[in-house]
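Enquirer: Below is the file target_30.tsv, with TSV, C-alpha atoms.
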```tsv
chain	number	residue	atom	x	y	z
A	1	MET	CA	57.58	123.56	47.57
A	2	GLN	CA	60.79	125.22	46.48
A	3	GLN	CA	60.27	123.88	42.97
A	4	ALA	CA	57.13	126.02	42.68
A	5	GLN	CA	59.08	129.27	42.35
A	6	SER	CA	58.68	129.29	38.57
A	7	GLU	CA	54.93	128.79	39.09
A	8	GLY	CA	54.52	131.73	41.45
A	9	VAL	CA	54.90	130.59	45.05
A	10	VAL	CA	57.58	129.25	47.37
A	11	SER	CA	56.84	127.90	50.85
A	12	ALA	CA	59.07	127.79	53.91
A	13	MET	CA	59.14	127.02	57.59
A	14	SER	CA	61.46	127.39	60.55
A	15	GLN	CA	61.40	125.51	63.83
A	16	ALA	CA	64.21	127.58	65.31
A	17	ALA	CA	63.56	129.20	68.68
A	18	ASP	CA	65.78	132.24	68.13
A	19	PRO	CA	64.08	135.07	66.14
A	20	GLN	CA	67.26	135.91	64.22
A	21	GLN	CA	67.65	132.29	63.19
A	22	VAL	CA	63.98	132.16	62.13
A	23	ALA	CA	64.45	135.18	59.88
A	24	GLN	CA	67.60	133.69	58.38
A	25	ASP	CA	65.89	130.35	57.77
A	26	LEU	CA	62.91	131.92	56.02
A	27	ALA	CA	65.01	134.34	53.98
A	28	ARG	CA	67.24	131.50	52.79
A	29	GLN	CA	64.19	129.53	51.61
A	30	LEU	CA	62.10	132.36	50.18
A	31	LEU	CA	64.34	135.08	48.76
A	32	HIS	CA	64.66	135.18	44.97
A	33	PRO	CA	64.82	138.03	42.41
A	34	HIS	CA	61.06	138.08	41.77
A	35	LEU	CA	59.80	137.82	45.35
A	36	GLY	CA	57.10	140.45	45.83
A	37	PHE	CA	55.25	139.59	49.04
A	38	VAL	CA	55.49	137.28	52.06
A	39	LEU	CA	52.65	135.91	54.19
A	40	PHE	CA	53.49	134.09	57.43
A	41	PHE	CA	51.92	132.50	60.49
A	42	CYS	CA	53.78	132.03	63.75
A	43	SER	CA	53.46	130.61	67.22
A	44	ALA	CA	52.71	133.17	69.94
A	45	GLU	CA	55.45	131.55	72.02
A	46	TYR	CA	58.07	133.67	70.22
A	47	PRO	CA	59.28	137.01	71.65
A	48	LEU	CA	57.18	138.91	69.15
A	49	GLN	CA	58.95	142.26	69.18
A	50	ALA	CA	62.28	140.60	68.45
A	51	LEU	CA	60.74	138.34	65.82
A	52	GLY	CA	59.07	141.27	64.07
A	53	GLN	CA	62.30	143.24	63.89
A	54	ALA	CA	64.29	140.22	62.69
A	55	LEU	CA	61.80	139.48	59.90
A	56	GLN	CA	61.76	143.07	58.71
A	57	GLN	CA	65.55	143.13	58.60
A	58	GLY	CA	65.75	139.71	56.96
A	59	PHE	CA	63.51	140.65	54.05
A	60	GLY	CA	64.55	144.25	53.52
A	61	GLY	CA	61.87	146.20	51.70
A	62	ILE	CA	59.70	143.21	50.73
A	63	PRO	CA	56.20	143.56	52.26
A	64	LEU	CA	55.45	141.02	55.00
A	65	VAL	CA	52.14	140.40	56.75
A	66	GLY	CA	51.11	137.67	59.15
A	67	CYS	CA	49.63	136.78	62.49
A	68	THR	CA	50.04	134.61	65.56
A	69	SER	CA	48.38	131.22	65.48
A	70	ALA	CA	46.96	128.37	67.54
A	71	GLY	CA	49.08	125.97	65.49
A	72	GLU	CA	50.63	126.11	62.03
A	73	ILE	CA	50.06	124.28	58.75
A	74	THR	CA	53.50	123.86	57.22
A	75	PRO	CA	55.01	122.22	54.12
A	76	GLN	CA	55.36	119.14	56.35
A	77	GLY	CA	51.78	119.11	57.70
A	78	TYR	CA	50.61	120.34	61.09
A	79	GLY	CA	53.27	122.16	63.11
A	80	ARG	CA	53.58	123.65	66.57
A	81	ASN	CA	55.89	126.35	67.98
A	82	CYS	CA	57.21	127.27	64.54
A	83	VAL	CA	56.83	129.79	61.72
A	84	THR	CA	55.42	128.89	58.31
A	85	ALA	CA	55.52	131.27	55.34
A	86	ILE	CA	54.61	131.72	51.67
A	87	GLY	CA	56.53	133.86	49.21
A	88	PHE	CA	54.63	135.23	46.19
A	89	ASP	CA	56.25	135.98	42.81
A	90	HIS	CA	55.27	139.45	41.55
A	91	ARG	CA	55.03	138.07	38.01
A	92	HIS	CA	52.08	135.94	39.12
A	93	PHE	CA	50.58	137.95	42.00
A	94	SER	CA	49.97	141.64	42.51
A	95	ILE	CA	49.34	142.11	46.24
A	96	ALA	CA	48.45	145.13	48.35
A	97	ALA	CA	47.88	145.20	52.12
A	98	GLU	CA	46.77	147.66	54.79
A	99	LEU	CA	46.41	147.71	58.56
A	100	ILE	CA	43.23	148.47	60.49
A	101	ASP	CA	44.82	149.66	63.72
A	102	GLN	CA	41.59	150.37	65.63
A	103	MET	CA	38.96	147.80	64.75
A	104	GLU	CA	36.35	149.36	67.02
A	105	HIS	CA	36.31	152.59	64.97
A	106	PHE	CA	36.35	151.00	61.49
A	107	SER	CA	33.39	152.27	59.42
A	108	LEU	CA	31.89	151.60	56.00
A	109	ILE	CA	33.50	154.80	54.70
A	110	ASP	CA	36.87	153.61	56.03
A	111	ALA	CA	36.33	150.27	54.32
A	112	GLN	CA	35.41	151.87	50.99
A	113	ARG	CA	38.48	154.11	51.04
A	114	MET	CA	40.72	151.20	52.01
A	115	VAL	CA	39.41	148.95	49.23
A	116	GLU	CA	39.92	151.76	46.71
A	117	ARG	CA	43.55	152.11	47.81
A	118	LEU	CA	44.09	148.35	47.74
A	119	VAL	CA	42.60	148.04	44.26
A	120	GLY	CA	44.85	150.88	43.09
A	121	GLY	CA	47.85	149.11	44.56
A	122	CYS	CA	47.02	145.86	42.77
A	123	ARG	CA	46.40	147.64	39.47
A	124	SER	CA	49.87	149.19	39.57
A	125	ASN	CA	51.36	145.83	38.57
A	126	THR	CA	48.96	145.47	35.57
A	127	LEU	CA	48.72	141.68	35.86
A	128	ALA	CA	45.03	141.00	35.31
A	129	PRO	CA	41.68	142.85	35.45
A	130	ILE	CA	40.48	143.26	39.04
A	131	LYS	CA	37.04	141.77	38.38
A	132	GLY	CA	37.13	137.99	38.43
A	133	ASN	CA	40.86	137.83	39.17
A	134	THR	CA	41.07	139.14	42.73
A	135	PHE	CA	40.38	137.84	46.23
A	136	ALA	CA	40.75	139.34	49.70
A	137	LEU	CA	42.36	137.84	52.80
A	138	THR	CA	41.74	139.18	56.30
A	139	LEU	CA	43.76	138.47	59.43
A	140	LEU	CA	41.94	139.72	62.52
A	141	ASP	CA	42.81	139.92	66.20
A	142	GLY	CA	41.06	136.77	67.42
A	143	LEU	CA	40.18	138.20	70.85
A	144	SER	CA	38.95	141.62	69.74
A	145	SER	CA	35.18	140.84	69.68
A	146	ARG	CA	35.00	143.29	66.76
A	147	GLU	CA	35.17	140.83	63.86
A	148	GLU	CA	31.52	141.08	62.78
A	149	MET	CA	31.56	144.87	62.62
A	150	VAL	CA	34.76	144.97	60.57
A	151	LEU	CA	33.61	142.18	58.26
A	152	ALA	CA	30.25	143.81	57.58
A	153	ALA	CA	31.94	147.02	56.44
A	154	LEU	CA	34.58	145.21	54.39
A	155	SER	CA	32.05	142.91	52.73
A	156	ALA	CA	29.98	145.87	51.57
A	157	ALA	CA	33.07	147.63	50.23
A	158	LEU	CA	34.50	144.55	48.49
A	159	GLY	CA	31.31	143.93	46.54
A	160	ASP	CA	31.77	140.85	44.35
A	161	ILE	CA	35.42	140.29	45.32
A	162	PRO	CA	35.47	136.95	47.20
A	163	HIS	CA	36.91	137.06	50.69
A	164	PHE	CA	38.22	134.67	53.31
A	165	GLY	CA	40.37	134.89	56.40
A	166	GLY	CA	41.23	133.76	59.88
A	167	SER	CA	41.36	135.17	63.38
A	168	ALA	CA	44.79	135.17	65.01
A	169	GLY	CA	45.39	132.72	67.86
A	170	ASP	CA	47.84	132.41	70.74
A	171	ASP	CA	48.48	128.69	71.15
A	172	ASN	CA	45.21	128.20	73.05
A	173	TYR	CA	46.02	130.62	75.90
A	174	LEU	CA	43.19	133.04	75.00
A	175	THR	CA	45.11	136.02	76.35
A	176	HIS	CA	46.90	138.00	73.59
A	177	THR	CA	46.59	137.60	69.82
A	178	HIS	CA	48.44	139.68	67.24
A	179	VAL	CA	48.61	140.56	63.56
A	180	TYR	CA	51.83	141.66	61.86
A	181	PHE	CA	52.18	144.65	59.55
A	182	GLY	CA	54.88	147.22	58.88
A	183	GLY	CA	57.56	145.42	60.86
A	184	GLU	CA	55.51	145.19	64.08
A	185	PHE	CA	52.97	142.95	65.79
A	186	HIS	CA	49.69	144.71	66.66
A	187	SER	CA	46.78	143.80	68.94
A	188	GLY	CA	43.21	145.06	68.55
A	189	ALA	CA	44.02	145.30	64.85
A	190	ALA	CA	43.46	143.61	61.50
A	191	VAL	CA	45.32	143.24	58.23
A	192	VAL	CA	43.49	143.30	54.89
A	193	VAL	CA	45.30	141.79	51.91
A	194	LEU	CA	44.07	142.10	48.32
A	195	VAL	CA	45.49	139.56	45.88
A	196	ASN	CA	45.25	139.95	42.10
A	197	THR	CA	46.43	137.08	39.90
A	198	TRP	CA	46.00	135.67	36.42
A	199	LEU	CA	45.95	132.17	37.91
A	200	ASP	CA	42.57	130.50	38.49
A	201	PHE	CA	41.43	130.26	42.12
A	202	GLU	CA	38.42	129.48	44.29
A	203	VAL	CA	37.55	130.76	47.77
A	204	PHE	CA	35.79	128.05	49.82
A	205	THR	CA	34.57	126.96	53.23
A	206	THR	CA	33.64	123.54	54.55
A	207	HIS	CA	32.90	121.79	57.83
A	208	HIS	CA	32.14	118.27	59.03
A	209	ILE	CA	29.59	119.15	61.72
A	210	GLN	CA	26.16	117.47	61.63
A	211	PRO	CA	22.97	118.66	63.41
A	212	ARG	CA	21.30	116.84	66.29
A	213	THR	CA	17.70	117.35	67.36
A	214	GLU	CA	18.31	119.22	70.64
A	215	LYS	CA	17.95	123.01	70.76
A	216	LEU	CA	19.00	125.76	73.14
A	217	VAL	CA	17.51	129.27	73.16
A	218	VAL	CA	19.65	132.22	74.24
A	219	THR	CA	17.61	133.93	76.95
A	220	GLY	CA	20.24	136.14	78.59
A	221	VAL	CA	23.24	137.66	76.81
A	222	ASP	CA	25.67	140.56	76.65
A	223	SER	CA	26.02	140.77	72.86
A	224	THR	CA	28.93	143.21	73.02
A	225	LEU	CA	31.02	140.76	75.02
A	226	ARG	CA	29.55	137.67	73.26
A	227	ARG	CA	28.80	136.36	76.74
A	228	VAL	CA	25.69	134.22	77.28
A	229	TYR	CA	24.34	134.14	80.82
A	230	GLU	CA	21.24	132.03	80.25
A	231	LEU	CA	20.22	129.22	77.91
A	232	ASN	CA	16.59	128.09	78.11
A	233	ALA	CA	16.26	130.48	81.11
A	234	GLU	CA	18.84	128.44	83.07
A	235	PRO	CA	22.50	129.25	83.88
A	236	ALA	CA	24.21	128.88	80.51
A	237	ALA	CA	27.03	126.52	81.46
A	238	GLU	CA	24.73	124.27	83.49
A	239	GLU	CA	22.22	123.97	80.66
A	240	TYR	CA	24.91	123.34	78.06
A	241	ALA	CA	26.56	120.66	80.24
A	242	ARG	CA	23.18	119.02	80.86
A	243	LEU	CA	22.37	118.94	77.15
A	244	ILE	CA	25.67	117.29	76.14
A	245	GLY	CA	25.78	114.96	79.16
A	246	VAL	CA	29.11	116.18	80.55
A	247	PRO	CA	29.78	117.19	84.18
A	248	LEU	CA	30.00	120.95	84.57
A	249	ALA	CA	33.54	120.73	85.96
A	250	HIS	CA	34.73	118.95	82.80
A	251	LEU	CA	33.85	121.74	80.35
A	252	ASP	CA	36.95	122.82	78.43
A	253	HIS	CA	38.19	123.46	74.87
A	254	ARG	CA	38.19	119.79	73.96
A	255	VAL	CA	34.61	119.30	75.15
A	256	PHE	CA	33.55	122.41	73.23
A	257	ALA	CA	35.19	121.00	70.09
A	258	ALA	CA	33.35	117.68	70.48
A	259	HIS	CA	29.97	119.29	71.26
A	260	PRO	CA	29.54	122.43	69.12
A	261	LEU	CA	26.45	124.60	68.87
A	262	ALA	CA	25.26	126.22	65.64
A	263	VAL	CA	22.75	128.72	64.35
A	264	ARG	CA	20.70	127.76	61.28
A	265	ILE	CA	20.45	130.34	58.49
A	266	ASN	CA	18.26	129.15	55.61
A	267	GLN	CA	19.38	125.55	55.06
A	268	HIS	CA	22.91	125.95	56.41
A	269	TYR	CA	24.30	125.60	59.92
A	270	TYR	CA	27.00	127.99	61.14
A	271	VAL	CA	28.87	126.98	64.30
A	272	ARG	CA	28.90	129.38	67.22
A	273	ALA	CA	31.80	127.92	69.18
A	274	VAL	CA	32.01	128.24	72.96
A	275	GLN	CA	35.22	129.94	74.09
A	276	GLN	CA	35.23	129.53	77.85
A	277	VAL	CA	33.22	129.07	81.05
A	278	HIS	CA	33.19	131.84	83.64
A	279	PRO	CA	32.82	131.46	87.44
A	280	ASP	CA	29.26	132.86	87.23
A	281	LEU	CA	28.40	129.95	84.86
A	282	SER	CA	28.13	132.19	81.81
A	283	LEU	CA	29.69	131.14	78.50
A	284	SER	CA	31.78	133.29	76.17
A	285	PHE	CA	31.52	132.59	72.43
A	286	TYR	CA	33.93	133.20	69.55
A	287	CYS	CA	31.17	134.55	67.29
A	288	ALA	CA	28.25	136.93	67.67
A	289	VAL	CA	25.33	135.74	69.79
A	290	GLU	CA	22.04	137.57	70.24
A	291	ASN	CA	19.10	137.25	72.61
A	292	GLY	CA	16.44	134.91	71.28
A	293	ILE	CA	18.57	133.00	68.76
A	294	VAL	CA	18.10	129.25	68.63
A	295	LEU	CA	21.27	127.18	68.91
A	296	THR	CA	21.19	123.63	67.57
A	297	ALA	CA	23.32	120.96	69.20
A	298	MET	CA	25.79	119.56	66.67
A	299	THR	CA	28.12	116.60	66.47
A	300	PRO	CA	31.32	116.22	64.41
A	301	GLY	CA	31.18	113.75	61.55
A	302	PRO	CA	34.19	112.11	59.89
A	303	LEU	CA	36.68	114.85	59.03
A	304	LEU	CA	38.85	113.25	56.35
A	305	PRO	CA	36.02	112.34	53.91
A	306	ASN	CA	34.80	115.94	54.10
A	307	LEU	CA	38.27	117.24	53.16
A	308	GLN	CA	38.67	114.64	50.42
A	309	ALA	CA	35.36	115.68	48.87
A	310	LEU	CA	36.38	119.35	49.06
A	311	PHE	CA	39.68	118.83	47.25
A	312	ASP	CA	38.19	116.43	44.71
A	313	GLY	CA	35.74	119.17	43.76
A	314	LEU	CA	38.40	121.89	43.70
A	315	GLN	CA	40.62	119.83	41.39
A	316	GLN	CA	37.72	119.02	39.09
A	317	ARG	CA	36.92	122.71	38.74
A	318	LEU	CA	40.44	124.20	38.79
A	319	GLY	CA	42.75	121.41	37.66
A	320	SER	CA	46.06	120.76	39.42
A	321	LEU	CA	46.49	122.95	42.52
A	322	LEU	CA	49.56	125.12	43.08
A	323	LEU	CA	48.72	126.14	46.64
A	324	THR	CA	45.87	126.28	49.12
A	325	ILE	CA	45.96	128.86	51.90
A	326	GLY	CA	43.93	127.32	54.71
A	327	CYS	CA	42.38	128.80	57.84
A	328	ASP	CA	41.65	125.77	60.01
A	329	CYS	CA	39.76	126.30	63.27
A	330	PHE	CA	41.82	125.29	66.29
A	331	LEU	CA	38.82	123.32	67.63
A	332	ARG	CA	39.18	120.97	64.66
A	333	ARG	CA	42.81	120.47	65.61
A	334	LEU	CA	41.87	119.72	69.23
A	335	GLU	CA	39.38	117.15	67.96
A	336	LEU	CA	42.07	115.50	65.83
A	337	GLU	CA	44.52	115.48	68.73
A	338	ASP	CA	41.94	113.75	70.94
A	339	GLN	CA	41.21	111.16	68.24
A	340	GLY	CA	44.83	110.55	67.27
A	341	GLY	CA	44.14	111.77	63.73
A	342	LEU	CA	46.48	114.77	63.57
A	343	GLU	CA	49.27	113.04	61.65
A	344	ARG	CA	46.90	111.49	59.11
A	345	ILE	CA	45.09	114.74	58.34
A	346	GLY	CA	48.39	116.64	58.37
A	347	ALA	CA	49.74	114.25	55.75
A	348	PHE	CA	46.65	114.80	53.61
A	349	LEU	CA	47.02	118.59	53.86
A	350	ARG	CA	50.69	118.24	52.91
A	351	GLU	CA	49.74	116.21	49.82
A	352	GLN	CA	47.25	118.91	48.83
A	353	ARG	CA	49.89	121.65	49.17
A	354	VAL	CA	48.06	123.44	52.01
A	355	MET	CA	49.77	126.21	53.97
A	356	GLY	CA	48.09	128.15	56.75
A	357	PHE	CA	47.26	128.18	60.43
A	358	ASN	CA	44.86	127.12	63.16
A	359	THR	CA	42.53	130.01	63.93
A	360	TYR	CA	40.25	131.38	66.62
A	361	GLY	CA	37.57	131.90	63.97
A	362	GLU	CA	37.27	132.03	60.20
A	363	GLN	CA	35.88	134.57	57.77
A	364	PHE	CA	34.02	133.81	54.55
A	365	ASN	CA	32.43	136.47	52.33
A	366	GLY	CA	31.58	138.76	55.22
A	367	MET	CA	30.59	136.06	57.72
A	368	HIS	CA	32.45	135.24	60.93
A	369	ILE	CA	32.27	131.48	61.46
A	370	ASN	CA	33.78	128.73	63.61
A	371	GLN	CA	34.93	125.12	63.38
A	372	THR	CA	35.48	125.27	59.61
A	373	PHE	CA	38.28	124.81	57.11
A	374	THR	CA	38.14	127.98	55.01
A	375	GLY	CA	40.56	129.30	52.43
A	376	VAL	CA	41.53	129.79	48.81
A	377	ALA	CA	42.76	127.16	46.35
A	378	ILE	CA	45.02	128.51	43.60
A	379	ALA	CA	45.50	126.51	40.41
A	380	ARG	CA	48.76	125.88	38.65
A	381	SER	CA	49.05	127.68	35.34
A	382	ARG	CA	47.74	125.61	32.45
A	383	THR	CA	51.16	125.60	30.76
A	384	ALA	CA	52.86	124.44	33.97
A	385	ALA	CA	50.23	121.75	34.49
A	386	ARG	CA	50.96	120.36	31.02
A	387	ARG	CA	54.69	120.05	31.66
```
For this file, produce the structure as structure tokens.
Expert:
Amino acid sequence: MQQAQSEGVVSAMSQAADPQQVAQDLARQLLHPHLGFVLFFCSAEYPLQALGQALQQGFGGIPLVGCTSAGEITPQGYGRNCVTAIGFDHRHFSIAAELIDQMEHFSLIDAQRMVERLVGGCRSNTLAPIKGNTFALTLLDGLSSREEMVLAALSAALGDIPHFGGSAGDDNYLTHTHVYFGGEFHSGAAVVVLVNTWLDFEVFTTHHIQPRTEKLVVTGVDSTLRRVYELNAEPAAEEYARLIGVPLAHLDHRVFAAHPLAVRINQHYYVRAVQQVHPDLSLSFYCAVENGIVLTAMTPGPLLPNLQALFDGLQQRLGSLLLTIGCDCFLRRLELEDQGGLERIGAFLREQRVMGFNTYGEQFNGMHINQTFTGVAIARSRTAARR
């Protein structure tokens, strides 16, 4: 995507293992006189302190934000154990970012003050009116269990500004996830990015999950921990395994990806993905779960046709696409790995100019969701598209 510099973005990646070499690789690919902001996603396998320092040194005073991932979406398709990055031209994008360093104490008043500061930061570049020309991106600690609280406050403060995002991962270890801001990686934290641009864009979410007839009722839960102890008044893991027809001992990430559960809100289903099984046969979830909610058993449909329909619609509405920033649930990636479809879908994402990462959860207009492909598609300028 180097040729896209004149249109506002440049993409890059590095597969180097050494943090200094990573920073040099990315700087060589991204640095140009009009670079105003860098967004990156990286494997948690890196020594993060060293990587953070190297990136800050490599880009000088240019703002960088990012997070750890459960896999990367690079200019070459799906990646693993690498860093992928996007550089934004300040002539096309006015971007402001802030850190929420203690998610558990983030209030509506905090959100309102933060959004005011972010809007002020974007206005300083005088690119385009805020209304109708601005979207928000959030990167949240994917193991914080505070996503819903933060998103509710942010959604109220953002008003009609569309919003998407992803929860940081750690290459499927489920131990430590981090966001990057101010030259350092942080846990228990979130980064909020406000993007103002005169280019057309659309924030979207999609999934390929179809409902079955079977239902499970949450009858015992610790909502704070998102830990369900009983489903249908039976031990949660036993009842879930019985419903999907899988031996209890076989429950793992790949089974969860193939047999999701969802809550129905109006006519739409929102996946509540299972995170892990505990020795007491309780189940932890990635999203909020409450006592009494009804979970519908779901089954994945064909993934590629769903993505093709999404991008066909985006191109019809926006024209030729410059870039799509995608937050792709890591459970979708596990499904593709099991089915041998990773290379095919990765090639499709490459053709559609998608950059992003595999997440531990996605965010869409204030909602925390799972097993989706969520993001923003940004159109090429009309003059560039005519060339």
Enquirer: Could you check how far CA of Leu307 in chain A sits from CA of Val9 in chain A, in Å to one decimal?
Expert: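 The value is 22.8 Å.
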Enquirer: Can you report as lines of an AutoDock Vina configuration file the centre and edge lengths in Å, to one decimal, of an axis-aligned box around the listed atoms of range 232-241 of chain A padded with 6 Å on each side?
Expert:
```
center_x = 21.6
center_y = 125.6
center_z = 81.0
size_x = 22.8
size_y = 21.8
size_z = 17.8
```
Enquirer: What does the distance between CA of Val193 in chain A and CA of Tyr173 in chain A come to in Å, to one decimal place?
Expert: 26.5 Å
Enquirer: Using only C-alpha atoms, tabulate the residues of range 171-281 of chain A lying at most 8 Å from any atom of range 373-379 of chain A, each with its closest atom pair and that distance in Å to one decimal, by chain and increasing residue number, as a Markdown table.
Expert:
```
| residue | atom | partner | partner_atom | distance |
| --- | --- | --- | --- | --- |
| A:Leu199 | CA | A:Ala379 | CA | 6.2 |
| A:Asp200 | CA | A:Ala379 | CA | 5.3 |
| A:Phe201 | CA | A:Ile378 | CA | 4.3 |
| A:Glu202 | CA | A:Ala377 | CA | 5.3 |
| A:Val203 | CA | A:Val376 | CA | 4.2 |
| A:Phe204 | CA | A:Gly375 | CA | 5.6 |
| A:Thr205 | CA | A:Thr374 | CA | 4.1 |
| A:Thr206 | CA | A:Phe373 | CA | 5.4 |
| A:His207 | CA | A:Phe373 | CA | 6.2 |
```
Enquirer: Could you tell me how far CA of Asp328 in chain A lies from CA of Ala168 in chain A, in Å and to one decimal?
Expert: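 Straight-line distance from CA of Asp328 in chain A to CA of Ala168 in chain A works out to 11.1 Å.
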Enquirer: Could you check which of A:Glu362, A:Asp312, A:Glu239, A:Glu148 is closest to Val271 in chain A, using only C-alpha atoms?
Expert: A:Glu362
Enquirer: Give me, as a compact mmCIF listing (two decimals) with C-alpha atoms, in the frame of the given file, all polymer residues having an atom no more than 8 Å from Arg332 in chain A, counting all atoms listed in the file and skipping those fewer than 2 positions away in the same chain.
Expert:
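Wrote it out as result23.txt, contents follow:
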```txt
# COMPACT_ATOMS: atom_id res chain seq x y z
CA ALA A 257 35.19 121.00 70.09
CA ASP A 328 41.65 125.77 60.01
CA CYS A 329 39.76 126.30 63.27
CA PHE A 330 41.82 125.29 66.29
CA LEU A 334 41.87 119.72 69.23
CA GLU A 335 39.38 117.15 67.96
CA LEU A 336 42.07 115.50 65.83
CA GLN A 371 34.93 125.12 63.38
CA THR A 372 35.48 125.27 59.61
```
Enquirer: Counting only C-alpha atoms, I want the residues whose atoms come within 9 Å of (51.7, 141.4, 63.2) in the file frame, returned as a VMD selection string.
Expert: chain A and resid 48 52 65 to 68 178 to 187 189 to 191
Enquirer: For each of A:Asp89, A:Asp18, A:Asp171, A:Asp280, take the minimum atom-to-atom distance to Phe37 in chain A, counting all atoms listed in the file, then give the residue where this is smallest.
Expert: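 When distances to Phe37 in chain A are compared using all atoms listed in the file, the smallest one comes from A:Asp89.
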Enquirer: Would you list the contacts of Phe41 in chain A as a PyMOL selection string, taking every protein, DNA or RNA residue within 10 Å and counting all atoms listed in the file, but skipping same-chain residues closer than 5 positions in sequence?
Expert: chain A and resi 13+65-74+82-86+168-169+179-180+355-358
Enquirer: Contacts of Ser145 in chain A at 8 Å or less, counting all atoms listed in the file, minus same-chain residues fewer than 2 places along, as a PyMOL selection string?
Expert: chain A and resi 142-143+147-148+224-226+286-287
Enquirer: Check the smallest atom-to-atom distance from each of A:Gly220, A:Thr134, A:Ala297, A:Val119 to Gly245 in chain A using only C-alpha atoms, then report the winner.
Expert: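 Closest candidate: A:Ala297.
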Enquirer: Pick from A:Leu151, A:Thr219, A:Ala156, A:Leu194: nearest to Ile369 in chain A, with all atoms listed in the file counted?
Expert: A:Leu151
Enquirer: Would you please work out which residue, of A:Glu290, A:Glu98, A:Glu238, A:Glu116, is nearest to Val263 in chain A when using all atoms listed in the file?
Expert: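 Checking each of A:Glu290, A:Glu98, A:Glu238, A:Glu116 against Val263 in chain A, counting all atoms listed in the file, the winner is A:Glu290.
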Enquirer: Can range 31-43 of chain A be brought up to N, CA, C and O atoms and written out as a compact mmCIF listing (two decimals), in the frame of the given file?
Expert:
```txt
# COMPACT_ATOMS: atom_id res chain seq x y z
N LEU A 31 63.83 133.97 49.56
CA LEU A 31 64.34 135.08 48.76
C LEU A 31 64.75 134.63 47.36
O LEU A 31 65.45 133.64 47.19
N HIS A 32 64.24 135.36 46.37
CA HIS A 32 64.66 135.18 44.97
C HIS A 32 64.39 136.51 44.25
O HIS A 32 63.70 137.39 44.79
N PRO A 33 64.90 136.71 43.05
CA PRO A 33 64.82 138.03 42.41
C PRO A 33 63.40 138.53 42.16
O PRO A 33 63.21 139.75 42.01
N HIS A 34 62.42 137.64 42.11
CA HIS A 34 61.06 138.08 41.77
C HIS A 34 60.10 138.02 42.96
O HIS A 34 58.89 138.12 42.78
N LEU A 35 60.65 137.86 44.17
CA LEU A 35 59.80 137.82 45.35
C LEU A 35 59.14 139.18 45.57
O LEU A 35 59.82 140.20 45.66
N GLY A 36 57.81 139.19 45.68
CA GLY A 36 57.10 140.45 45.83
C GLY A 36 56.35 140.62 47.13
O GLY A 36 55.99 141.75 47.50
N PHE A 37 56.09 139.50 47.84
CA PHE A 37 55.25 139.59 49.04
C PHE A 37 55.43 138.31 49.84
O PHE A 37 55.60 137.23 49.27
N VAL A 38 55.38 138.44 51.18
CA VAL A 38 55.49 137.28 52.06
C VAL A 38 54.34 137.28 53.06
O VAL A 38 54.04 138.31 53.69
N LEU A 39 53.71 136.13 53.21
CA LEU A 39 52.65 135.91 54.19
C LEU A 39 53.13 134.83 55.15
O LEU A 39 53.63 133.79 54.72
N PHE A 40 53.00 135.08 56.47
CA PHE A 40 53.49 134.09 57.43
C PHE A 40 52.54 133.94 58.61
O PHE A 40 51.72 134.83 58.91
N PHE A 41 52.68 132.81 59.28
CA PHE A 41 51.92 132.50 60.49
C PHE A 41 52.90 131.94 61.51
O PHE A 41 53.72 131.08 61.20
N CYS A 42 52.78 132.42 62.76
CA CYS A 42 53.78 132.03 63.75
C CYS A 42 53.15 131.71 65.09
O CYS A 42 52.08 132.22 65.45
N SER A 43 53.84 130.88 65.84
CA SER A 43 53.46 130.61 67.22
C SER A 43 53.56 131.88 68.05
O SER A 43 54.47 132.70 67.86
```
